[in-house]
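Text of data00.tsv, listed as TSV, C-alpha atoms (C1' of nucleotides):
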chain	number	residue	atom	x	y	z
D	2	MET	CA	92.87	113.55	93.39
D	3	PHE	CA	93.07	110.10	91.86
D	4	LYS	CA	94.42	108.88	88.58
D	5	THR	CA	92.25	105.95	87.65
D	6	GLU	CA	92.59	105.97	83.91
D	7	ILE	CA	94.89	103.27	82.62
D	8	ALA	CA	96.58	105.15	79.84
D	9	ASP	CA	99.00	103.26	77.65
D	10	CYS	CA	101.80	105.75	77.18
D	11	THR	CA	103.92	103.65	74.85
D	12	MET	CA	103.83	106.15	71.98
D	13	GLU	CA	104.49	109.06	74.29
D	14	TRP	CA	107.50	107.33	75.81
D	15	LEU	CA	108.94	106.41	72.44
D	16	ARG	CA	108.56	109.99	71.28
D	17	CYS	CA	110.30	111.15	74.45
D	18	LEU	CA	113.22	108.77	73.90
D	19	ARG	CA	113.67	109.94	70.32
D	20	LYS	CA	113.39	113.59	71.30
D	21	ASN	CA	116.25	113.06	73.71
D	22	GLY	CA	118.54	111.59	71.12
D	23	TYR	CA	117.97	107.91	71.82
D	24	ARG	CA	117.37	105.49	68.99
D	25	LEU	CA	114.18	103.52	68.76
D	26	THR	CA	115.29	99.93	68.71
D	27	ALA	CA	113.30	96.74	68.95
D	28	PRO	CA	114.59	95.86	72.44
D	29	ARG	CA	113.72	99.31	73.75
D	30	LYS	CA	110.28	99.15	72.23
D	31	ALA	CA	109.66	95.81	73.91
D	32	VAL	CA	110.61	97.18	77.35
D	33	VAL	CA	108.64	100.38	76.84
D	34	GLU	CA	105.55	98.46	75.76
D	35	ILE	CA	105.63	96.45	78.98
D	36	MET	CA	106.30	99.32	81.36
D	37	ALA	CA	104.17	102.04	79.82
D	38	SER	CA	101.02	100.03	80.32
D	39	SER	CA	101.66	98.16	83.54
D	40	GLN	CA	99.83	98.98	86.74
D	41	TYR	CA	102.06	96.56	88.61
D	42	ILE	CA	105.50	96.91	90.11
D	43	LEU	CA	107.99	94.92	88.05
D	44	THR	CA	111.60	93.97	88.75
D	45	PRO	CA	114.26	93.96	86.01
D	46	THR	CA	113.87	90.19	85.78
D	47	ASP	CA	110.09	90.44	85.52
D	48	ILE	CA	110.50	92.96	82.72
D	49	PHE	CA	113.05	90.74	81.03
D	50	THR	CA	110.69	87.76	81.09
D	51	LEU	CA	107.69	89.71	79.83
D	52	ALA	CA	109.54	91.69	77.17
D	53	ARG	CA	111.18	88.53	75.88
D	54	GLU	CA	107.78	87.30	74.76
D	55	ARG	CA	107.77	90.22	72.35
D	56	TYR	CA	111.45	90.21	71.47
D	57	PRO	CA	113.10	86.88	72.30
D	58	LYS	CA	116.67	87.99	71.56
D	59	LEU	CA	116.47	90.57	74.37
D	60	GLY	CA	119.25	90.49	76.97
D	61	LEU	CA	118.89	91.31	80.64
D	62	VAL	CA	121.62	93.93	80.36
D	63	THR	CA	119.56	95.87	77.88
D	64	VAL	CA	116.68	95.85	80.32
D	65	TYR	CA	118.90	97.44	82.97
D	66	ARG	CA	120.19	100.01	80.49
D	67	THR	CA	116.72	100.87	79.26
D	68	ILE	CA	115.38	101.21	82.80
D	69	GLU	CA	118.22	103.61	83.51
D	70	LYS	CA	117.28	105.81	80.58
D	71	LEU	CA	113.57	105.77	81.30
D	72	GLU	CA	114.29	106.71	84.90
D	73	GLU	CA	116.52	109.60	83.79
D	74	LEU	CA	113.72	110.88	81.61
D	75	GLY	CA	111.31	110.69	84.53
D	76	LEU	CA	109.13	108.09	82.85
D	77	LEU	CA	109.89	105.29	85.28
D	78	GLN	CA	110.36	105.33	89.02
D	79	ARG	CA	111.83	102.89	91.50
D	80	VAL	CA	109.45	101.59	94.15
D	81	HIS	CA	110.62	100.75	97.66
D	82	ARG	CA	108.84	98.04	99.59
D	83	PRO	CA	109.63	96.46	102.96
D	84	SER	CA	111.11	93.37	101.34
D	85	ASP	CA	112.69	94.71	98.15
D	86	CYS	CA	113.56	97.89	96.34
D	87	GLN	CA	114.23	96.68	92.83
D	88	GLY	CA	110.71	97.24	91.54
D	89	PHE	CA	109.81	99.81	88.92
D	90	ILE	CA	106.58	101.36	87.76
D	91	ALA	CA	105.53	104.11	85.35
D	92	ALA	CA	105.95	107.55	86.93
D	93	TYR	CA	103.03	109.88	86.66
D	94	GLN	CA	103.20	113.63	86.20
D	95	GLY	CA	103.39	115.85	89.23
D	96	HIS	CA	103.95	114.81	92.77
D	97	GLN	CA	102.51	111.36	93.02
D	98	HIS	CA	102.29	108.76	95.74
D	99	MET	CA	101.37	105.13	95.65
D	100	LEU	CA	98.85	102.87	97.27
D	101	ILE	CA	100.00	99.30	96.83
D	102	CYS	CA	97.86	96.17	97.15
D	103	GLN	CA	99.64	93.69	99.41
D	104	LYS	CA	97.84	90.75	97.81
D	105	CYS	CA	97.97	91.32	94.05
D	106	GLY	CA	100.44	94.19	93.76
D	107	LEU	CA	98.05	96.52	91.97
D	108	VAL	CA	99.19	100.12	92.28
D	109	GLN	CA	96.95	103.14	92.49
D	110	PHE	CA	98.36	106.68	92.46
D	111	PHE	CA	97.18	109.66	94.45
D	112	ASP	CA	98.73	113.06	94.78
D	113	GLY	CA	100.42	114.08	97.99
D	114	ASP	CA	99.56	117.77	98.01
D	115	HIS	CA	96.98	117.14	100.66
D	116	ASP	CA	96.52	119.83	103.31
D	117	GLY	CA	97.17	117.32	106.06
D	118	ILE	CA	100.60	116.50	104.75
D	119	ASN	CA	101.53	120.11	104.22
D	120	ASP	CA	100.43	121.00	107.74
D	121	LEU	CA	102.41	118.12	109.15
D	122	MET	CA	105.53	119.16	107.27
D	123	LYS	CA	105.17	122.74	108.45
D	124	ASP	CA	104.86	121.52	112.04
D	125	VAL	CA	107.91	119.34	111.68
D	126	GLU	CA	109.95	122.17	110.14
D	127	THR	CA	109.07	124.54	112.94
D	128	GLN	CA	109.80	122.08	115.67
D	129	THR	CA	113.03	120.63	114.34
D	130	GLY	CA	114.64	123.51	112.53
D	131	TYR	CA	115.11	121.32	109.45
D	132	LYS	CA	114.32	122.65	106.00
D	133	ILE	CA	112.26	119.90	104.37
D	134	ASN	CA	112.95	119.31	100.68
D	135	GLU	CA	111.25	116.07	99.87
D	136	HIS	CA	108.68	113.69	101.27
D	137	TRP	CA	107.92	110.06	100.66
D	138	LEU	CA	104.46	108.77	101.40
D	139	GLN	CA	103.40	105.31	100.48
D	140	LEU	CA	100.36	103.35	101.56
D	141	PHE	CA	99.97	99.58	101.71
D	142	GLY	CA	96.66	97.79	101.82
D	143	VAL	CA	94.32	95.41	100.06
D	144	CYS	CA	92.46	96.46	96.93
D	145	LYS	CA	88.71	96.23	96.34
D	146	LYS	CA	88.92	93.13	94.16
D	147	CYS	CA	91.15	91.20	96.56
D	148	ARG	CA	88.92	92.08	99.49
D	149	GLN	CA	85.88	90.70	97.66
D	150	LYS	CA	87.60	87.54	96.52
D	151	ASN	CA	88.81	85.95	99.72
D	152	ASN	CA	88.31	86.47	103.47
F	27	MET	CA	105.49	114.64	119.22
F	28	PHE	CA	109.27	114.54	118.92
F	29	LYS	CA	111.82	112.25	120.41
F	30	THR	CA	114.83	114.39	120.96
F	31	GLU	CA	116.48	112.55	123.78
F	32	ILE	CA	119.44	110.52	122.66
F	33	ALA	CA	119.01	107.51	124.85
F	34	ASP	CA	121.70	104.87	124.75
F	35	CYS	CA	119.71	101.66	124.84
F	36	THR	CA	122.64	99.29	124.89
F	37	MET	CA	121.71	97.68	128.20
F	38	GLU	CA	118.07	97.40	127.23
F	39	TRP	CA	118.96	95.71	123.95
F	40	LEU	CA	121.33	93.26	125.61
F	41	ARG	CA	118.64	92.37	128.12
F	42	CYS	CA	116.20	91.85	125.27
F	43	LEU	CA	118.59	89.53	123.46
F	44	ARG	CA	119.16	87.45	126.56
F	45	LYS	CA	115.45	87.31	127.37
F	46	ASN	CA	114.88	85.85	123.92
F	47	GLY	CA	117.39	83.08	124.39
F	48	TYR	CA	120.34	84.65	122.62
F	49	ARG	CA	123.78	84.56	124.17
F	50	LEU	CA	125.61	87.73	125.00
F	51	THR	CA	128.85	87.46	123.10
F	52	ALA	CA	131.57	90.02	122.54
F	53	PRO	CA	130.79	90.46	118.81
F	54	ARG	CA	127.10	91.00	119.55
F	55	LYS	CA	127.89	93.50	122.25
F	56	ALA	CA	130.12	95.46	119.88
F	57	VAL	CA	127.36	95.69	117.27
F	58	VAL	CA	124.72	96.57	119.84
F	59	GLU	CA	126.88	99.29	121.34
F	60	ILE	CA	127.23	100.93	117.95
F	61	MET	CA	123.60	100.69	116.89
F	62	ALA	CA	121.86	101.41	120.17
F	63	SER	CA	123.40	104.83	120.42
F	64	SER	CA	123.64	105.96	116.81
F	65	GLN	CA	121.47	108.72	115.42
F	66	TYR	CA	122.80	108.01	111.95
F	67	ILE	CA	121.82	105.47	109.35
F	68	LEU	CA	124.55	102.85	109.04
F	69	THR	CA	125.11	100.11	106.48
F	70	PRO	CA	126.36	96.64	107.44
F	71	THR	CA	129.82	97.69	106.27
F	72	ASP	CA	129.70	100.90	108.33
F	73	ILE	CA	128.72	98.87	111.37
F	74	PHE	CA	131.48	96.39	110.64
F	75	THR	CA	134.09	99.14	110.50
F	76	LEU	CA	132.90	100.88	113.65
F	77	ALA	CA	132.34	97.75	115.71
F	78	ARG	CA	135.76	96.45	114.72
F	79	GLU	CA	137.34	99.27	116.66
F	80	ARG	CA	135.83	97.68	119.75
F	81	TYR	CA	136.26	94.05	118.78
F	82	PRO	CA	138.87	93.63	116.03
F	83	LYS	CA	138.24	89.94	115.40
F	84	LEU	CA	134.66	90.70	114.30
F	85	GLY	CA	133.57	89.29	110.94
F	86	LEU	CA	131.18	90.94	108.52
F	87	VAL	CA	129.01	87.82	108.51
F	88	THR	CA	128.36	88.24	112.21
F	89	VAL	CA	127.25	91.80	111.59
F	90	TYR	CA	124.66	90.55	109.11
F	91	ARG	CA	123.51	87.86	111.50
F	92	THR	CA	123.25	90.27	114.42
F	93	ILE	CA	121.33	92.82	112.36
F	94	GLU	CA	118.89	90.06	111.46
F	95	LYS	CA	118.24	89.25	115.09
F	96	LEU	CA	117.93	92.85	116.19
F	97	GLU	CA	115.49	93.46	113.36
F	98	GLU	CA	113.41	90.42	114.37
F	99	LEU	CA	113.23	91.76	117.92
F	100	GLY	CA	112.06	95.13	116.60
F	101	LEU	CA	115.13	96.94	117.90
F	102	LEU	CA	116.53	97.83	114.51
F	103	GLN	CA	114.82	98.93	111.32
F	104	ARG	CA	115.89	99.15	107.72
F	105	VAL	CA	115.85	102.62	106.18
F	106	HIS	CA	115.01	103.20	102.54
F	107	ARG	CA	116.56	106.12	100.73
F	108	PRO	CA	116.47	107.13	97.06
F	109	SER	CA	119.97	105.85	96.46
F	110	ASP	CA	120.21	102.85	98.77
F	111	CYS	CA	118.20	100.66	101.11
F	112	GLN	CA	120.91	98.92	103.09
F	113	GLY	CA	120.93	101.38	105.96
F	114	PHE	CA	119.79	100.56	109.47
F	115	ILE	CA	118.90	102.61	112.49
F	116	ALA	CA	117.51	101.99	115.98
F	117	ALA	CA	113.74	101.53	115.88
F	118	TYR	CA	111.75	103.54	118.36
F	119	GLN	CA	108.61	102.41	120.13
F	120	GLY	CA	105.27	102.99	118.51
F	121	HIS	CA	104.61	104.20	115.04
F	122	GLN	CA	107.58	106.29	114.13
F	123	HIS	CA	108.68	108.16	111.05
F	124	MET	CA	111.97	109.69	110.08
F	125	LEU	CA	113.26	113.04	109.04
F	126	ILE	CA	116.66	112.57	107.44
F	127	CYS	CA	119.29	115.25	106.91
F	128	GLN	CA	120.50	115.09	103.31
F	129	LYS	CA	123.85	116.65	104.23
F	130	CYS	CA	125.04	114.91	107.39
F	131	GLY	CA	122.60	111.99	107.65
F	132	LEU	CA	121.32	112.93	111.10
F	133	VAL	CA	117.96	111.30	111.76
F	134	GLN	CA	115.15	112.75	113.81
F	135	PHE	CA	112.02	110.75	114.63
F	136	PHE	CA	108.46	112.01	114.76
F	137	ASP	CA	105.25	110.08	115.15
F	138	GLY	CA	102.90	109.65	112.26
F	139	ASP	CA	99.61	109.71	114.12
F	140	HIS	CA	99.00	113.21	112.92
F	141	ASP	CA	95.41	114.15	112.13
F	142	GLY	CA	96.38	115.17	108.64
F	143	ILE	CA	97.71	111.76	107.80
F	144	ASN	CA	94.73	109.99	109.26
F	145	ASP	CA	92.36	112.19	107.30
F	146	LEU	CA	94.29	111.57	104.13
F	147	MET	CA	94.21	107.83	104.66
F	148	LYS	CA	90.47	107.89	105.30
F	149	ASP	CA	89.95	109.85	102.08
F	150	VAL	CA	92.06	107.43	100.13
F	151	GLU	CA	90.24	104.41	101.58
F	152	THR	CA	86.84	105.84	100.71
F	153	GLN	CA	87.80	106.78	97.22
F	154	THR	CA	89.70	103.67	96.22
F	155	GLY	CA	87.95	100.91	98.12
F	156	TYR	CA	91.30	99.72	99.44
F	157	LYS	CA	91.68	98.73	103.10
F	158	ILE	CA	94.87	100.49	104.22
F	159	ASN	CA	97.06	98.51	106.61
F	160	GLU	CA	100.32	100.38	106.69
F	161	HIS	CA	101.81	103.71	105.75
F	162	TRP	CA	105.32	104.89	105.15
F	163	LEU	CA	106.14	108.52	105.58
F	164	GLN	CA	109.65	109.81	105.41
F	165	LEU	CA	110.91	113.34	105.14
F	166	PHE	CA	114.20	114.53	103.70
F	167	GLY	CA	115.75	117.88	104.39
F	168	VAL	CA	118.67	119.76	105.88
F	169	CYS	CA	119.14	119.94	109.64
F	170	LYS	CA	119.62	123.07	111.70
F	171	LYS	CA	123.37	122.63	112.11
F	172	CYS	CA	124.01	122.01	108.42
F	173	ARG	CA	121.91	125.01	107.45
F	174	GLN	CA	123.98	127.25	109.69
F	175	LYS	CA	127.32	125.90	108.54
F	176	ASN	CA	127.25	126.39	104.79
F	177	ASN	CA	124.92	128.06	102.28
Z	264	DT	C1'	128.46	105.59	56.41
Z	265	DT	C1'	128.62	106.92	61.01
Z	266	DT	C1'	127.60	106.20	65.55
Z	267	DT	C1'	124.71	104.29	68.97
Z	268	DA	C1'	122.87	100.09	70.97
Z	269	DT	C1'	123.09	95.20	71.78
Z	270	DG	C1'	124.30	90.72	73.76
Z	271	DC	C1'	127.67	87.94	75.65
Z	272	DA	C1'	131.05	87.14	79.05
Z	273	DA	C1'	133.50	88.75	82.81
Z	274	DA	C1'	134.00	91.61	86.74
Z	275	DG	C1'	132.12	93.85	90.68
Z	276	DT	C1'	129.13	94.27	94.92
Z	277	DA	C1'	126.15	92.61	98.40
Z	278	DT	C1'	124.46	88.96	100.98
Z	279	DT	C1'	123.87	84.05	102.43
Z	280	DT	C1'	125.33	79.38	103.52
Z	281	DG	C1'	128.40	75.32	105.06
Z	282	DC	C1'	131.37	73.93	108.30
Z	283	DA	C1'	134.90	73.17	111.88
Z	284	DC	C1'	136.35	75.56	115.87
Z	285	DG	C1'	135.76	78.56	120.06
Z	286	DG	C1'	133.49	80.47	123.91
Z	287	DG	C1'	129.05	81.49	126.76
Z	288	DA	C1'	126.06	79.56	130.24
O	91	DT	C1'	130.06	70.00	129.38
O	92	DC	C1'	126.84	71.20	125.92
O	93	DC	C1'	125.36	73.71	122.30
O	94	DC	C1'	125.06	78.14	120.26
O	95	DG	C1'	127.74	81.57	117.86
O	96	DT	C1'	131.79	82.75	115.19
O	97	DG	C1'	134.91	83.51	111.32
O	98	DC	C1'	136.57	81.85	107.16
O	99	DA	C1'	135.75	80.42	102.54
O	100	DA	C1'	132.65	79.42	99.11
O	101	DA	C1'	128.29	80.00	96.99
O	102	DT	C1'	124.63	82.84	95.35
O	103	DA	C1'	122.26	87.04	93.74
O	104	DC	C1'	122.13	91.21	91.59
O	105	DT	C1'	124.11	94.77	88.83
O	106	DT	C1'	127.72	96.97	86.01
O	107	DT	C1'	131.46	97.06	82.60
O	108	DG	C1'	134.38	95.80	78.33
O	109	DC	C1'	134.17	94.66	73.88
O	110	DA	C1'	133.14	93.03	69.20
O	111	DT	C1'	129.11	92.91	66.39
O	112	DA	C1'	124.52	94.54	64.76
O	113	DA	C1'	121.39	97.86	63.54
O	114	DA	C1'	119.34	102.78	63.50
O	115	DA	C1'	119.53	107.12	61.21
Would you put the structure from the file into structure tokens?
Amino acid sequence: MFKTEIADCTMEWLRCLRKNGYRLTAPRKAVVEIMASSQYILTPTDIFTLARERYPKLGLVTVYRTIEKLEELGLLQRVHRPSDCQGFIAAYQGHQHMLICQKCGLVQFFDGDHDGINDLMKDVETQTGYKINEHWLQLFGVCKKCRQKNN
Amino acid sequence: MFKTEIADCTMEWLRCLRKNGYRLTAPRKAVVEIMASSQYILTPTDIFTLARERYPKLGLVTVYRTIEKLEELGLLQRVHRPSDCQGFIAAYQGHQHMLICQKCGLVQFFDGDHDGINDLMKDVETQTGYKINEHWLQLFGVCKKCRQKNN
DNA sequence: TTTTATGCAAAGTATTTGCACGGGA
DNA sequence: TCCCGTGCAAATACTTTGCATAAAA
């Protein structure tokens, strides 16, 4: 049920970009290197700052444009949180949901094809007459490490 | 499990504002009248346009400021959707979740204290070591009316 | 060599803030 | 009357677009 391995998919992402007709440029590589290995939700500005350490000439606009492409290819997904919705994180295969640490921002994925959810959706369909096409489930909490650290 | 009644909470909201030390002004009333009875997700601009029909001198800034207060008082909640997160809708008592029609935007509420969800959260807590504090569950689909109308 | 990608600057959106005036209580 | 609330204008953020240059293939 859980994806705990921290795979660095940089090579895979670069291959995917090339396969889809995109050129492999230094700025793109810098952004991909950051995002393909991060377990944290990053905003375009965060990405810009981090990727600049690898490629100082990088412009913020290129970050936006690269995010757009990676999202199109299903490699990156936008994350919605109560306070902001500009965060991005690597998208995992299949139907995945997130558990987000409210202290450190660490993200853990779990899949949503749990019987409970399916039962709930069936109930809701029957009772409302809606045809349900999509569901969003996101959990917020405090991770193991943060719980041990303080209070 | 479902809240199907379409209660117009205008009076209740106005009472709540006054109880919390806010003045009952014409612009605020116009915004409250729109939001307290809407079953649809509205953006600040939508609210502005609609409330202007009732109070033409209304400024967009006042809409933002009123939304802020209503949100603070727990009367209004922000709704996140794949494409945008600037929508608002009346917040219902207790732990509520939304089922949103992808065609017409009609929103139906249901409560999330379903056994399935609780079981899932317990599983996730055990397996990850996280302490879960909050969950977001939102369903997207097509409502009865829209399904009957076209295709 | 050809064509895509980049970075800068400028233009759009969305939202917030400063401030003098107006209207609720 | 007193003070909060309002609308305007300006400021701030965030994101997208136009365009000449740079670099991938």
Sorted per-residue table, chain Z near chain D, closest atoms and distance, 8 Å, all atoms listed in the file, as a Markdown table:
| residue | atom | partner | partner_atom | distance |
| --- | --- | --- | --- | --- |
| Z:DT267 | C1' | D:Arg24 | CA | 7.4 |
| Z:DA268 | C1' | D:Thr26 | CA | 7.9 |
| Z:DT269 | C1' | D:Thr63 | CA | 7.1 |
| Z:DG270 | C1' | D:Gly60 | CA | 6.0 |
Chain F least-squares fitted onto chain D over all paired Cα atoms, as a short mmCIF file (atom, residue, chain, number, x, y, z; two decimals) with C-alpha atoms, in the coordinates of the input:
data_model
loop_
_atom_site.label_atom_id
_atom_site.label_comp_id
_atom_site.auth_asym_id
_atom_site.auth_seq_id
_atom_site.Cartn_x
_atom_site.Cartn_y
_atom_site.Cartn_z
CA MET F 27 92.80 113.55 93.35
CA PHE F 28 93.03 110.08 91.84
CA LYS F 29 94.40 108.88 88.57
CA THR F 30 92.25 105.97 87.64
CA GLU F 31 92.61 106.01 83.91
CA ILE F 32 94.93 103.34 82.64
CA ALA F 33 96.61 105.23 79.87
CA ASP F 34 99.01 103.34 77.67
CA CYS F 35 101.83 105.82 77.19
CA THR F 36 103.92 103.71 74.87
CA MET F 37 103.84 106.21 72.01
CA GLU F 38 104.53 109.12 74.31
CA TRP F 39 107.53 107.36 75.83
CA LEU F 40 108.96 106.42 72.44
CA ARG F 41 108.60 110.01 71.30
CA CYS F 42 110.36 111.16 74.46
CA LEU F 43 113.25 108.78 73.88
CA ARG F 44 113.69 109.95 70.32
CA LYS F 45 113.44 113.61 71.29
CA ASN F 46 116.31 113.04 73.70
CA GLY F 47 118.57 111.56 71.07
CA TYR F 48 117.98 107.89 71.78
CA ARG F 49 117.37 105.46 68.96
CA LEU F 50 114.17 103.51 68.75
CA THR F 51 115.28 99.91 68.69
CA ALA F 52 113.26 96.73 68.94
CA PRO F 53 114.57 95.84 72.44
CA ARG F 54 113.74 99.31 73.74
CA LYS F 55 110.29 99.17 72.25
CA ALA F 56 109.63 95.82 73.92
CA VAL F 57 110.61 97.19 77.33
CA VAL F 58 108.65 100.40 76.84
CA GLU F 59 105.55 98.51 75.77
CA ILE F 60 105.63 96.49 78.97
CA MET F 61 106.32 99.36 81.36
CA ALA F 62 104.18 102.08 79.83
CA SER F 63 101.03 100.09 80.32
CA SER F 64 101.66 98.19 83.54
CA GLN F 65 99.84 99.00 86.75
CA TYR F 66 102.05 96.57 88.61
CA ILE F 67 105.49 96.92 90.09
CA LEU F 68 107.97 94.91 88.04
CA THR F 69 111.58 93.95 88.72
CA PRO F 70 114.23 93.94 85.98
CA THR F 71 113.84 90.17 85.77
CA ASP F 72 110.04 90.43 85.49
CA ILE F 73 110.46 92.95 82.70
CA PHE F 74 113.01 90.71 81.02
CA THR F 75 110.63 87.75 81.07
CA LEU F 76 107.65 89.72 79.81
CA ALA F 77 109.49 91.70 77.16
CA ARG F 78 111.11 88.52 75.87
CA GLU F 79 107.72 87.30 74.76
CA ARG F 80 107.72 90.22 72.34
CA TYR F 81 111.40 90.20 71.45
CA PRO F 82 113.03 86.85 72.28
CA LYS F 83 116.60 87.93 71.57
CA LEU F 84 116.42 90.52 74.37
CA GLY F 85 119.20 90.44 76.96
CA LEU F 86 118.83 91.26 80.63
CA VAL F 87 121.61 93.84 80.36
CA THR F 88 119.55 95.81 77.88
CA VAL F 89 116.66 95.82 80.32
CA TYR F 90 118.89 97.39 82.95
CA ARG F 91 120.20 99.93 80.48
CA THR F 92 116.72 100.84 79.26
CA ILE F 93 115.38 101.20 82.80
CA GLU F 94 118.25 103.58 83.49
CA LYS F 95 117.31 105.79 80.58
CA LEU F 96 113.61 105.76 81.30
CA GLU F 97 114.35 106.67 84.90
CA GLU F 98 116.59 109.57 83.80
CA LEU F 99 113.78 110.87 81.61
CA GLY F 100 111.38 110.69 84.55
CA LEU F 101 109.18 108.10 82.86
CA LEU F 102 109.93 105.30 85.29
CA GLN F 103 110.40 105.32 89.04
CA ARG F 104 111.85 102.87 91.51
CA VAL F 105 109.46 101.57 94.16
CA HIS F 106 110.60 100.74 97.66
CA ARG F 107 108.83 98.02 99.58
CA PRO F 108 109.60 96.42 102.95
CA SER F 109 111.02 93.32 101.33
CA ASP F 110 112.64 94.66 98.17
CA CYS F 111 113.52 97.84 96.33
CA GLN F 112 114.17 96.58 92.82
CA GLY F 113 110.68 97.21 91.53
CA PHE F 114 109.81 99.80 88.93
CA ILE F 115 106.60 101.38 87.76
CA ALA F 116 105.56 104.15 85.36
CA ALA F 117 106.01 107.57 86.96
CA TYR F 118 103.09 109.93 86.70
CA GLN F 119 103.28 113.67 86.26
CA GLY F 120 103.49 115.88 89.29
CA HIS F 121 104.00 114.83 92.83
CA GLN F 122 102.56 111.38 93.06
CA HIS F 123 102.30 108.77 95.77
CA MET F 124 101.38 105.13 95.68
CA LEU F 125 98.88 102.87 97.28
CA ILE F 126 100.03 99.29 96.82
CA CYS F 127 97.89 96.17 97.14
CA GLN F 128 99.68 93.68 99.39
CA LYS F 129 97.88 90.74 97.78
CA CYS F 130 97.99 91.31 94.02
CA GLY F 131 100.46 94.19 93.74
CA LEU F 132 98.05 96.53 91.95
CA VAL F 133 99.20 100.13 92.29
CA GLN F 134 96.97 103.15 92.51
CA PHE F 135 98.37 106.69 92.47
CA PHE F 136 97.18 109.66 94.48
CA ASP F 137 98.71 113.08 94.84
CA GLY F 138 100.41 114.10 98.03
CA ASP F 139 99.50 117.77 98.06
CA HIS F 140 96.93 117.11 100.71
CA ASP F 141 96.44 119.80 103.34
CA GLY F 142 97.13 117.32 106.09
CA ILE F 143 100.55 116.51 104.77
CA ASN F 144 101.45 120.12 104.24
CA ASP F 145 100.38 120.99 107.76
CA LEU F 146 102.38 118.12 109.16
CA MET F 147 105.47 119.18 107.25
CA LYS F 148 105.12 122.76 108.46
CA ASP F 149 104.84 121.53 112.05
CA VAL F 150 107.88 119.36 111.66
CA GLU F 151 109.91 122.20 110.11
CA THR F 152 109.02 124.58 112.92
CA GLN F 153 109.78 122.13 115.64
CA THR F 154 113.01 120.68 114.31
CA GLY F 155 114.59 123.58 112.47
CA TYR F 156 115.06 121.37 109.43
CA LYS F 157 114.27 122.70 105.95
CA ILE F 158 112.20 119.94 104.33
CA ASN F 159 112.88 119.36 100.64
CA GLU F 160 111.19 116.09 99.86
CA HIS F 161 108.66 113.70 101.28
CA TRP F 162 107.89 110.08 100.65
CA LEU F 163 104.46 108.77 101.41
CA GLN F 164 103.40 105.30 100.48
CA LEU F 165 100.38 103.33 101.56
CA PHE F 166 99.98 99.57 101.70
CA GLY F 167 96.69 97.77 101.81
CA VAL F 168 94.34 95.38 100.07
CA CYS F 169 92.47 96.43 96.94
CA LYS F 170 88.75 96.18 96.35
CA LYS F 171 88.96 93.09 94.16
CA CYS F 172 91.20 91.17 96.55
CA ARG F 173 88.96 92.03 99.48
CA GLN F 174 85.95 90.62 97.68
CA LYS F 175 87.69 87.45 96.53
CA ASN F 176 88.96 85.91 99.74
CA ASN F 177 88.61 86.63 103.47
#
For Met36 (chain D): contacts at 10 Å, only C-alpha atoms (C1' of nucleotides), fewer than 3 positions along chain excluded, given as a list in words: Asp9, Cys10, Thr11, Trp14, Lys30, Ala31, Val32, Val33, Ser39, Gln40, Tyr41, Ile42, Leu43, Ile48, Leu51, Ala52, Ile68, Leu71, Leu76, Leu77, Phe89, Ile90, Ala91 and Ala92 of chain D
Residue neighbourhood Lys129 (chain F), 9 Å, all atoms listed in the file, exclusion window fewer than 6 positions, as a ChimeraX atom specification: /F:167-169,172
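Distance-wise, C1' of DG285 (chain Z) and C1' of DG97 (chain O) end up 10.1 Å apart.
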12 Å contacts from chain O to chain F using only C-alpha atoms (C1' of nucleotides), as an NGL selection string: :O and (93-99)
